[in-house]
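model.csv follows (CSV, C-alpha atoms):
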```csv
chain,number,residue,atom,x,y,z
F,233,MET,CA,3.4,-87.4,-30.3
F,234,ALA,CA,3.8,-83.7,-30.5
F,235,LEU,CA,6.6,-82.1,-28.5
F,236,ASP,CA,5.8,-79.8,-25.6
F,237,LYS,CA,6.2,-76.2,-26.7
F,238,PRO,CA,4.8,-74.2,-23.8
F,239,TYR,CA,6.2,-70.9,-25.2
F,240,LYS,CA,3.6,-70.6,-28.0
F,241,ASP,CA,1.3,-68.5,-25.8
F,242,ILE,CA,3.8,-65.7,-25.1
F,243,PRO,CA,2.6,-62.5,-26.9
F,244,GLY,CA,4.8,-60.9,-29.6
F,245,THR,CA,7.5,-63.5,-29.2
F,246,THR,CA,8.8,-66.2,-31.6
F,247,ILE,CA,11.0,-68.8,-30.0
F,248,PHE,CA,13.8,-69.9,-32.4
F,249,ASP,CA,13.5,-73.6,-31.9
F,250,ALA,CA,14.6,-76.5,-34.1
F,251,GLU,CA,11.5,-76.2,-36.2
F,252,GLN,CA,12.0,-72.4,-36.9
F,253,SER,CA,15.7,-73.1,-37.4
F,254,ARG,CA,15.0,-75.7,-40.1
F,255,LYS,CA,12.6,-73.3,-41.9
F,256,GLY,CA,15.0,-70.4,-41.7
F,257,TYR,CA,18.3,-72.2,-42.5
F,258,HIS,CA,19.0,-70.5,-45.8
F,259,LEU,CA,17.7,-67.1,-44.7
F,260,ASN,CA,20.0,-67.2,-41.6
F,261,GLN,CA,23.0,-68.5,-43.6
F,262,PHE,CA,22.4,-65.7,-46.1
F,263,CYS,CA,22.7,-63.3,-43.2
F,264,MET,CA,25.9,-64.9,-42.0
F,265,SER,CA,27.4,-64.3,-45.5
F,266,LEU,CA,27.1,-60.5,-44.8
F,267,MET,CA,29.9,-60.8,-42.2
F,268,LYS,CA,32.3,-60.6,-45.1
F,269,ALA,CA,32.9,-57.1,-46.6
F,270,GLU,CA,32.9,-58.3,-50.2
F,271,ASN,CA,29.5,-59.9,-49.7
F,272,ARG,CA,28.1,-56.8,-48.1
F,273,ALA,CA,29.3,-54.8,-51.2
F,274,ARG,CA,27.8,-57.3,-53.6
F,275,PHE,CA,24.5,-57.4,-51.7
F,276,LYS,CA,24.2,-53.6,-51.6
F,277,ALA,CA,25.0,-53.4,-55.4
F,278,ASP,CA,22.1,-55.6,-56.3
F,279,GLU,CA,20.1,-57.0,-53.4
F,280,ARG,CA,17.7,-59.1,-55.5
F,281,ALA,CA,20.4,-60.7,-57.5
F,282,TYR,CA,22.4,-61.6,-54.4
F,283,LEU,CA,19.3,-63.0,-52.7
F,284,ASP,CA,18.6,-65.1,-55.8
F,285,GLU,CA,21.9,-66.9,-55.2
F,286,TRP,CA,20.4,-68.5,-52.1
F,287,PRO,CA,17.7,-71.2,-52.0
F,288,MET,CA,15.4,-69.0,-49.9
F,289,THR,CA,11.7,-68.8,-50.2
F,290,GLU,CA,10.1,-65.8,-52.0
F,291,GLU,CA,8.5,-64.8,-48.7
F,292,GLN,CA,12.0,-64.8,-47.0
F,293,LYS,CA,13.5,-62.7,-49.8
F,294,GLN,CA,10.6,-60.2,-49.7
F,295,GLY,CA,11.0,-59.9,-45.9
F,296,VAL,CA,14.7,-59.0,-46.4
F,297,LEU,CA,14.0,-56.6,-49.2
F,298,ALA,CA,11.4,-54.8,-47.1
F,299,ARG,CA,13.6,-54.9,-44.0
F,300,ASP,CA,10.6,-56.3,-42.2
F,301,LEU,CA,12.2,-58.2,-39.4
F,302,ASN,CA,8.9,-59.5,-38.0
F,303,ARG,CA,8.2,-61.1,-41.4
F,304,CYS,CA,11.8,-62.5,-41.5
F,305,ILE,CA,11.3,-64.0,-38.0
F,306,ALA,CA,8.0,-65.6,-39.0
F,307,ALA,CA,9.8,-67.2,-41.9
F,308,GLY,CA,12.5,-68.7,-39.7
F,309,GLY,CA,14.9,-65.9,-39.1
F,310,ASN,CA,16.7,-65.4,-35.8
F,311,ILE,CA,17.5,-61.9,-34.6
F,312,TYR,CA,21.2,-62.5,-34.1
F,313,PHE,CA,21.5,-63.6,-37.7
F,314,LEU,CA,19.1,-60.8,-39.0
F,315,ALA,CA,21.3,-58.3,-37.2
F,316,LYS,CA,23.9,-58.8,-39.9
F,317,ILE,CA,21.5,-57.1,-42.3
F,318,GLY,CA,21.1,-54.2,-39.9
F,319,ALA,CA,24.9,-54.0,-39.6
F,320,THR,CA,25.1,-53.9,-43.4
F,321,ASP,CA,22.6,-51.0,-43.3
F,322,GLY,CA,24.5,-49.2,-40.5
F,323,LYS,CA,21.7,-49.7,-38.0
F,324,SER,CA,22.2,-50.2,-34.2
F,325,PHE,CA,20.7,-53.1,-32.3
F,326,GLN,CA,18.3,-50.7,-30.7
F,327,GLN,CA,17.1,-49.4,-34.0
F,328,MET,CA,16.5,-53.0,-35.2
F,329,ALA,CA,14.7,-54.1,-32.1
F,330,GLY,CA,12.5,-51.0,-32.1
F,331,SER,CA,11.6,-51.5,-35.8
F,332,MET,CA,9.6,-54.6,-34.8
F,333,THR,CA,7.4,-52.9,-32.2
F,334,GLY,CA,5.4,-50.5,-34.2
F,335,MET,CA,7.0,-47.6,-32.3
F,336,SER,CA,9.1,-44.8,-33.7
F,337,GLU,CA,12.8,-44.9,-33.0
F,338,GLU,CA,12.4,-42.1,-30.6
F,339,GLU,CA,9.4,-43.6,-28.8
F,340,TYR,CA,11.3,-46.9,-28.4
F,341,ARG,CA,14.4,-45.2,-27.0
F,342,ASP,CA,12.3,-43.2,-24.6
F,343,MET,CA,10.5,-46.3,-23.4
F,344,MET,CA,13.8,-48.0,-22.7
F,345,ILE,CA,15.2,-45.0,-20.8
F,346,ALA,CA,11.9,-44.9,-18.7
F,347,GLY,CA,12.6,-48.5,-17.7
F,348,GLY,CA,11.6,-50.6,-20.7
F,349,ARG,CA,8.4,-52.4,-21.6
F,350,SER,CA,6.4,-53.6,-18.6
F,351,ILE,CA,5.9,-57.3,-18.0
F,352,GLU,CA,2.4,-56.5,-16.7
F,353,GLY,CA,-0.1,-57.5,-19.5
F,354,ASN,CA,2.7,-59.1,-21.6
F,355,ARG,CA,2.9,-62.6,-20.2
F,356,TYR,CA,0.2,-64.4,-22.1
F,357,VAL,CA,-1.6,-64.0,-25.4
F,358,GLY,CA,-5.0,-62.4,-24.8
F,359,GLU,CA,-4.1,-61.3,-21.3
F,360,LYS,CA,-5.9,-58.1,-20.2
F,361,LYS,CA,-3.5,-55.2,-20.0
G,88,MET,CA,46.3,-77.6,-6.6
G,89,ALA,CA,44.2,-75.0,-8.5
G,90,ARG,CA,41.2,-73.4,-6.9
G,91,ILE,CA,38.3,-71.1,-7.8
G,92,SER,CA,38.6,-68.0,-5.7
G,93,ALA,CA,35.7,-65.9,-6.9
G,94,SER,CA,33.0,-65.5,-9.6
G,95,VAL,CA,31.9,-62.5,-11.5
G,96,TYR,CA,28.5,-62.0,-13.2
G,97,THR,CA,27.7,-59.4,-15.7
G,98,SER,CA,25.6,-58.5,-18.7
G,99,HIS,CA,27.5,-58.3,-22.0
G,100,VAL,CA,25.5,-55.8,-24.0
G,101,PRO,CA,27.3,-55.0,-27.3
G,102,ALA,CA,26.5,-51.3,-27.1
G,103,ILE,CA,28.5,-51.2,-23.9
G,104,GLY,CA,31.5,-52.3,-25.9
G,105,ALA,CA,30.8,-49.7,-28.5
G,106,ALA,CA,30.6,-47.0,-25.8
G,107,VAL,CA,34.0,-48.0,-24.5
G,108,ASP,CA,35.6,-48.2,-28.0
G,109,GLN,CA,34.2,-44.9,-29.0
G,110,GLY,CA,35.1,-43.0,-25.8
G,111,LYS,CA,31.5,-42.4,-24.7
G,112,THR,CA,31.8,-43.8,-21.2
G,113,GLY,CA,31.6,-40.3,-19.7
G,114,GLU,CA,28.3,-39.4,-21.4
G,115,PRO,CA,25.4,-39.2,-19.0
G,116,TYR,CA,23.5,-42.2,-20.5
G,117,TRP,CA,26.6,-44.4,-20.2
G,118,GLN,CA,28.0,-42.9,-17.0
G,119,LYS,CA,25.1,-44.6,-15.1
G,120,VAL,CA,26.2,-48.0,-16.4
G,121,PHE,CA,29.9,-47.6,-15.9
G,122,ALA,CA,29.6,-46.1,-12.4
G,123,GLY,CA,28.5,-49.6,-11.4
G,124,TYR,CA,31.8,-51.1,-12.5
G,125,GLU,CA,34.2,-48.6,-10.8
G,126,PHE,CA,34.4,-50.8,-7.7
G,127,SER,CA,34.8,-53.8,-10.0
G,128,LYS,CA,37.9,-52.4,-11.8
G,129,ALA,CA,39.6,-51.6,-8.5
G,130,TRP,CA,38.6,-55.1,-7.1
G,131,MET,CA,40.1,-56.7,-10.3
G,132,ARG,CA,43.4,-54.9,-9.7
G,133,GLU,CA,43.5,-56.4,-6.2
G,134,HIS,CA,42.3,-59.8,-7.3
G,135,THR,CA,43.7,-60.5,-10.7
G,136,PRO,CA,43.6,-64.3,-11.1
G,137,ASP,CA,46.0,-66.5,-13.0
G,138,VAL,CA,43.2,-67.6,-15.3
G,139,ILE,CA,39.6,-66.6,-16.0
G,140,PHE,CA,37.1,-69.2,-17.1
G,141,LEU,CA,34.6,-67.1,-19.0
G,142,VAL,CA,31.1,-68.5,-19.7
G,143,TYR,CA,29.4,-66.6,-22.5
G,144,ASN,CA,27.4,-67.2,-25.6
G,145,ASP,CA,28.3,-66.7,-29.2
G,146,HIS,CA,25.8,-64.5,-31.2
G,147,ALA,CA,25.9,-66.1,-34.6
G,148,THR,CA,29.5,-65.2,-35.0
G,149,ALA,CA,31.8,-68.2,-34.6
G,150,PHE,CA,28.9,-70.6,-34.9
G,151,SER,CA,26.4,-70.3,-37.7
G,152,LEU,CA,23.6,-72.8,-38.2
G,153,GLU,CA,26.2,-75.2,-39.7
G,154,LEU,CA,27.2,-76.3,-36.3
G,155,ILE,CA,25.5,-75.6,-32.9
G,156,PRO,CA,27.4,-77.0,-29.9
G,157,THR,CA,25.5,-76.8,-26.6
G,158,PHE,CA,28.8,-76.4,-24.6
G,159,ALA,CA,32.0,-75.5,-26.4
G,160,ILE,CA,35.4,-75.1,-24.5
G,161,GLY,CA,38.1,-73.0,-26.2
G,162,CYS,CA,41.4,-74.9,-26.0
G,163,ALA,CA,43.4,-72.7,-28.3
G,164,ALA,CA,46.4,-70.6,-27.3
G,165,GLN,CA,44.8,-67.4,-28.7
G,166,PHE,CA,41.4,-66.1,-29.8
G,167,GLN,CA,40.9,-63.1,-32.1
G,168,PRO,CA,38.2,-60.5,-31.5
G,169,ALA,CA,35.5,-61.2,-34.1
G,170,ASP,CA,34.2,-58.9,-36.8
G,171,GLU,CA,30.5,-59.0,-36.1
G,172,GLY,CA,29.6,-56.8,-39.1
G,173,TRP,CA,30.7,-53.5,-37.6
G,174,GLY,CA,34.4,-54.4,-37.8
G,175,PRO,CA,36.4,-56.1,-35.0
G,176,ARG,CA,36.4,-54.4,-31.6
G,177,PRO,CA,39.8,-52.6,-31.0
G,178,VAL,CA,40.6,-54.8,-28.0
G,179,PRO,CA,43.6,-57.0,-27.2
G,180,VAL,CA,43.8,-60.6,-28.5
G,181,VAL,CA,42.6,-63.0,-25.9
G,182,GLU,CA,45.3,-65.4,-24.7
G,183,GLY,CA,44.0,-68.8,-23.8
G,184,HIS,CA,45.3,-71.4,-21.3
G,185,PRO,CA,45.4,-74.6,-23.4
G,186,GLU,CA,46.9,-76.8,-20.6
G,187,LEU,CA,44.1,-76.0,-18.1
G,188,ALA,CA,41.4,-76.0,-20.8
G,189,ALA,CA,42.5,-79.5,-22.0
G,190,HIS,CA,42.5,-80.7,-18.4
G,191,ILE,CA,39.0,-79.4,-17.8
G,192,ALA,CA,37.7,-80.9,-21.0
G,193,GLN,CA,39.2,-84.3,-20.0
G,194,SER,CA,37.7,-84.1,-16.5
G,195,VAL,CA,34.3,-82.7,-17.4
G,196,ILE,CA,33.6,-85.1,-20.3
G,197,GLN,CA,34.4,-88.0,-18.0
G,198,ASP,CA,31.8,-86.5,-15.7
G,199,ASP,CA,29.2,-87.0,-18.5
G,200,PHE,CA,29.0,-83.4,-19.9
G,201,ASP,CA,29.6,-83.7,-23.6
G,202,LEU,CA,31.7,-80.6,-24.3
G,203,THR,CA,32.7,-79.7,-27.8
G,204,ILE,CA,36.4,-78.9,-28.0
G,205,VAL,CA,37.3,-75.9,-30.1
G,206,ASN,CA,40.8,-75.2,-31.2
G,207,LYS,CA,40.1,-72.3,-33.6
G,208,MET,CA,37.4,-69.7,-32.8
G,209,ASP,CA,37.0,-65.9,-32.9
G,210,VAL,CA,35.3,-64.4,-29.8
G,211,ASP,CA,32.5,-61.9,-30.0
G,212,HIS,CA,31.1,-59.2,-27.7
G,213,GLY,CA,29.7,-61.8,-25.4
G,214,LEU,CA,33.3,-62.5,-24.2
G,215,THR,CA,35.1,-59.2,-24.8
G,216,VAL,CA,32.5,-56.8,-23.3
G,217,PRO,CA,32.8,-58.3,-19.8
G,218,LEU,CA,36.6,-58.0,-20.1
G,219,SER,CA,36.3,-54.4,-21.0
G,220,LEU,CA,33.9,-53.7,-18.1
G,221,MET,CA,36.2,-55.4,-15.6
G,222,PHE,CA,39.6,-54.3,-17.0
G,223,GLY,CA,39.0,-51.1,-18.9
G,224,GLN,CA,41.2,-50.6,-21.9
G,225,PRO,CA,44.6,-52.2,-21.2
G,226,GLU,CA,47.3,-52.9,-23.9
G,227,ALA,CA,46.9,-56.6,-23.1
G,228,TRP,CA,44.4,-58.5,-21.0
G,229,PRO,CA,46.1,-59.0,-17.6
G,230,CYS,CA,45.6,-62.8,-17.6
G,231,PRO,CA,44.7,-65.8,-19.8
G,232,VAL,CA,41.1,-66.5,-20.5
G,233,ILE,CA,39.4,-69.8,-21.3
G,234,PRO,CA,36.3,-69.1,-23.4
G,235,PHE,CA,33.4,-71.4,-22.7
G,236,ALA,CA,30.5,-70.8,-25.2
G,237,VAL,CA,27.0,-72.0,-24.4
G,238,ASN,CA,24.2,-72.3,-27.0
G,239,VAL,CA,21.4,-69.9,-25.9
G,240,VAL,CA,20.4,-68.9,-29.4
G,241,GLN,CA,18.6,-72.0,-30.7
G,242,TYR,CA,16.1,-73.8,-28.4
G,243,PRO,CA,16.2,-75.9,-26.5
G,244,VAL,CA,19.1,-74.4,-24.7
G,245,PRO,CA,20.5,-76.3,-21.7
G,246,SER,CA,18.4,-76.2,-18.5
G,247,GLY,CA,19.4,-74.2,-15.5
G,248,ARG,CA,19.8,-77.4,-13.6
G,249,ARG,CA,22.2,-78.8,-16.1
G,250,CYS,CA,24.1,-75.6,-16.1
G,251,PHE,CA,24.4,-75.6,-12.3
G,252,ASN,CA,25.6,-79.2,-12.3
G,253,LEU,CA,28.1,-78.5,-15.0
G,254,GLY,CA,29.4,-75.7,-12.8
G,255,ARG,CA,30.0,-78.3,-10.1
G,256,ALA,CA,31.8,-80.6,-12.5
G,257,LEU,CA,34.0,-77.6,-13.5
G,258,ARG,CA,34.9,-77.0,-9.9
G,259,LYS,CA,36.0,-80.6,-9.5
G,260,ALA,CA,38.0,-80.3,-12.7
G,261,VAL,CA,39.8,-77.1,-11.6
G,262,GLU,CA,40.5,-78.5,-8.1
G,263,SER,CA,42.2,-81.6,-9.6
G,264,TYR,CA,44.6,-79.5,-11.7
G,265,ASP,CA,48.1,-80.1,-10.5
G,266,ALA,CA,49.4,-76.5,-10.3
G,267,PRO,CA,48.6,-73.7,-7.7
G,268,LEU,CA,46.5,-71.6,-10.0
G,269,ASN,CA,44.0,-69.0,-8.8
G,270,VAL,CA,41.0,-69.3,-11.1
G,271,GLN,CA,38.0,-67.0,-11.4
G,272,ILE,CA,34.8,-68.1,-13.2
G,273,TRP,CA,32.6,-65.5,-14.9
G,274,GLY,CA,29.0,-66.0,-15.9
G,275,THR,CA,27.8,-63.4,-18.5
G,276,GLY,CA,24.7,-62.4,-20.4
G,277,GLY,CA,21.2,-61.2,-19.3
G,278,MET,CA,19.5,-59.8,-17.5
G,279,SER,CA,15.9,-59.3,-18.7
G,280,HIS,CA,15.7,-58.3,-22.3
G,281,GLN,CA,14.0,-59.2,-25.5
G,282,LEU,CA,15.4,-58.2,-28.9
G,283,GLN,CA,12.7,-59.5,-31.2
G,284,GLY,CA,9.1,-59.1,-32.2
G,285,PRO,CA,6.4,-56.7,-30.9
G,286,ARG,CA,7.4,-57.5,-27.3
G,287,ALA,CA,10.9,-56.2,-27.8
G,288,GLY,CA,12.1,-53.9,-25.1
G,289,LEU,CA,10.7,-56.0,-22.3
G,290,ILE,CA,12.3,-55.4,-18.9
G,291,ASN,CA,11.3,-57.1,-15.6
G,292,ARG,CA,13.1,-55.5,-12.6
G,293,LYS,CA,11.3,-57.7,-10.1
G,294,PHE,CA,12.4,-60.9,-11.8
G,295,ASP,CA,15.9,-59.6,-12.1
G,296,HIS,CA,16.3,-58.7,-8.4
G,297,ALA,CA,14.7,-62.0,-7.3
G,298,PHE,CA,17.2,-63.8,-9.6
G,299,LEU,CA,20.1,-61.9,-8.0
G,300,ASP,CA,18.9,-62.7,-4.5
G,301,ARG,CA,18.4,-66.4,-5.2
G,302,LEU,CA,21.7,-66.7,-7.1
G,303,ILE,CA,23.4,-65.5,-4.0
G,304,ALA,CA,21.4,-67.4,-1.4
G,305,ASP,CA,19.6,-70.3,-3.1
G,306,PRO,CA,21.4,-71.3,-6.3
G,307,ALA,CA,20.3,-74.9,-6.2
G,308,GLY,CA,16.6,-73.9,-5.9
G,309,LEU,CA,17.1,-71.3,-8.6
G,310,SER,CA,18.5,-73.9,-10.9
G,311,GLN,CA,15.1,-75.7,-10.9
G,312,VAL,CA,13.4,-72.8,-12.6
G,313,PRO,CA,12.2,-74.0,-16.1
G,314,HIS,CA,13.0,-72.3,-19.4
G,315,ILE,CA,9.5,-71.0,-19.8
G,316,ASP,CA,9.7,-68.8,-16.7
G,317,TYR,CA,12.8,-67.1,-18.1
G,318,VAL,CA,11.3,-66.6,-21.5
G,319,ARG,CA,7.9,-65.4,-20.3
G,320,GLU,CA,9.2,-63.2,-17.4
G,321,ALA,CA,12.6,-62.0,-18.6
G,322,GLY,CA,12.2,-62.0,-22.4
G,323,SER,CA,13.3,-64.3,-25.1
G,324,GLU,CA,16.9,-63.2,-24.6
G,325,GLY,CA,16.7,-63.3,-20.8
G,326,ILE,CA,17.3,-67.0,-21.1
G,327,GLU,CA,21.0,-66.1,-21.2
G,328,LEU,CA,20.8,-66.0,-17.4
G,329,VAL,CA,21.1,-69.8,-17.3
G,330,MET,CA,24.8,-69.2,-18.0
G,331,TRP,CA,25.2,-67.5,-14.6
G,332,LEU,CA,24.3,-70.8,-13.0
G,333,ILE,CA,27.3,-72.4,-14.5
G,334,ALA,CA,29.6,-69.9,-12.7
G,335,ARG,CA,27.5,-70.2,-9.5
G,336,GLY,CA,27.7,-74.0,-9.5
G,337,ALA,CA,31.5,-73.8,-9.7
G,338,MET,CA,31.6,-71.9,-6.4
G,339,SER,CA,32.0,-73.5,-3.0
G,340,ASP,CA,28.8,-75.0,-1.3
G,341,SER,CA,29.2,-72.6,1.7
G,342,PRO,CA,27.7,-69.1,1.4
G,343,PRO,CA,29.9,-66.7,-0.6
G,344,LYS,CA,30.9,-63.1,0.3
G,345,VAL,CA,29.0,-60.6,-1.8
G,346,ALA,CA,31.8,-58.2,-2.7
G,347,HIS,CA,29.6,-56.1,-5.1
G,348,ARG,CA,26.1,-55.9,-6.5
G,349,PHE,CA,24.8,-53.5,-9.2
G,350,TYR,CA,21.7,-53.2,-11.3
G,351,HIS,CA,20.7,-50.6,-13.9
G,352,VAL,CA,18.1,-50.1,-16.6
G,353,PRO,CA,18.8,-49.6,-19.5
G,354,ALA,CA,21.9,-50.3,-21.6
G,355,SER,CA,20.4,-50.2,-25.1
G,356,ASN,CA,17.6,-52.8,-24.9
G,357,THR,CA,18.8,-54.5,-21.8
G,358,ALA,CA,18.8,-54.6,-18.0
G,359,VAL,CA,22.4,-54.6,-16.7
G,360,GLY,CA,23.1,-56.8,-13.7
G,361,HIS,CA,26.4,-57.4,-12.0
G,362,LEU,CA,27.7,-59.4,-9.0
G,363,ILE,CA,31.0,-60.3,-7.6
G,364,LEU,CA,31.0,-63.3,-5.2
G,365,GLU,CA,34.1,-64.5,-3.3
G,366,ASN,CA,34.6,-67.9,-1.9
G,367,GLN,CA,35.3,-67.6,1.8
```

In structure tokens, what does this structure look like?
Amino acid sequence: MALDKPYKDIPGTTIFDAEQSRKGYHLNQFCMSLMKAENRARFKADERAYLDEWPMTEEQKQGVLARDLNRCIAAGGNIYFLAKIGATDGKSFQQMAGSMTGMSEEEYRDMMIAGGRSIEGNRYVGEKK
Amino acid sequence: MARISASVYTSHVPAIGAAVDQGKTGEPYWQKVFAGYEFSKAWMREHTPDVIFLVYNDHATAFSLELIPTFAIGCAAQFQPADEGWGPRPVPVVEGHPELAAHIAQSVIQDDFDLTIVNKMDVDHGLTVPLSLMFGQPEAWPCPVIPFAVNVVQYPVPSGRRCFNLGRALRKAVESYDAPLNVQIWGTGGMSHQLQGPRAGLINRKFDHAFLDRLIADPAGLSQVPHIDYVREAGSEGIELVMWLIARGAMSDSPPKVAHRFYHVPASNTAVGHLILENQ
């Protein structure tokens, strides 16, 4: 019997559940490795070679190389792990979050200062805005 | 006997810690956040407890995917501020309270909550940002802190109801400790925010204010709210708010005194909420 996952109909949101965690295990553990300075240096020196040390899927590696966080999340990544890539690149959490929204850094920052993204129209997939 | 005198609730946004560490608290953007904690710092000076039991979550710092404890109690004598990728925060080492922590573990596990006992752990912004907000930048933190880490990163996270009942078990554990300690319990994280996907940046003021109202006046009712309501209404990371119910459950059953209440949008991606409740 399938498990109840009522969060599948929330727009623009991927819940990091046990299934996603299983898919993303090596991707997320690669991210954890970037908490060590020597690993950050090795990764920066040759990203592809460093990624090839991990049993990640090609899709996961391409997502990391492109710094496409939405693609990484779809492949099982979790934002708190993926944030280690951003830290390695010298990005703030706001820059990382904004990068997934299709907005420019400035547009995203201004939206937050103006009170953030409204909940209205953002509760259900297909909901009228 | 030990007793819980008060509870403190606050967001633990990492950028707040960075603002403190980099001396930016006077900038207009940050002034609006820190203004809400002026009262709190004065209150803390008057009400410094013997121990703080600090409920927070680890953000893929001490716990990777190798090990994901739902509830982890820090029983060590000391906890180092973690390097989260930007270098460790320049804040004091956190001194624990191993005797009380061990007592609480013994009591709460016998009350059917399966805590993971942690004797070595670095603590991340989830724990150190609330300390900075409430104490500023002292040479040493003014009292010992027992870190209590809750998994809110990988679903399913514990329900609000379980968190609230865990708080009640914590109260019983503290009250059975055979020394006259004044204990505060802090619940941290939230309020509404989402850090991932095209819906990142979500804020829901109405949800947040209703949560604060009910946390004060109807915590048992609030504890029945299912996960899906947090995720849908307050964002995927808004689920951190279940941790506030642990602190609230540890308070007395009679209505608390609301010493302070503050709400502000934004700090980075997040709505900042803050409450101080005193047992009467």

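Candidate residues G:Ile290, G:Gln241, G:Asp211, G:Gly172 were compared for distance to Asn271 (chain F), and the nearest is G:Gly172, using all atoms listed in the file.
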
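Take CA of Gln292 (chain F) and CA of Leu259 (chain F): the distance between them is 6.6 Å.
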
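Our summary of the geometry notes that CA of Ala298 (chain F) is positioned 26.7 Å from CA of Gly348 (chain F).
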
Surrounding residues of Ala159 (chain G) excluding itself and chain neighbours under 3 positions, 7 Å, all atoms listed in the file, as a count of residues only: 8

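In terms of minimum interatomic distance to chain G, F:Ile345 ranks closest within F:Tyr282, F:Gly308, F:Ile345, F:Asp236, counting all atoms listed in the file.
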
query = For the atom pair CA of Ala346 (chain F) and CA of Gly244 (chain F), what is the interatomic distance in Å to one decimal place?
reply =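 About the pair CA of Ala346 (chain F) and CA of Gly244 (chain F): they are 20.6 Å apart.
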
### Query
Can you tell me, as a ChimeraX atom specification, what residues are no more than 12 Å from region 237-241 of chain F when counting only C-alpha atoms, ignoring any on the same chain fewer than 6 positions away?
/F:247-251,354-359 /G:242-243,313-320,322-323

Around region 268-283 of chain G, fit a box with edges along x, y and z, padding it by 3 Å on each side, then list its centre and edge lengths in Å to one decimal as AutoDock Vina command-line options.
```
--center_x 29.6 --center_y -64.9 --center_z -20.0 --size_x 39.8 --size_y 19.4 --size_z 28.4
```

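Nearest residue to chain F among G:Val232, G:Val100, G:Val210, G:Ile196 is G:Val100, counting only C-alpha atoms.
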
If the cut-off is 7 Å, can you tell me the residues of chain G near chain F, counting all atoms listed in the file? I'd like them as JSON, numbers by chain.
{"G": [146, 147, 151, 152, 171, 172, 173, 241, 242, 243, 282, 283, 284, 285, 286, 287, 288, 289, 290, 291, 315, 319, 320, 352, 353, 355, 356]}

Which is closest to Arg299 (chain F) among F:Asp342, F:Asp278, F:Asp321, F:Asp284, if we use only C-alpha atoms?
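Checking each of F:Asp342, F:Asp278, F:Asp321, F:Asp284 against Arg299 (chain F), counting only C-alpha atoms, the winner is F:Asp321.
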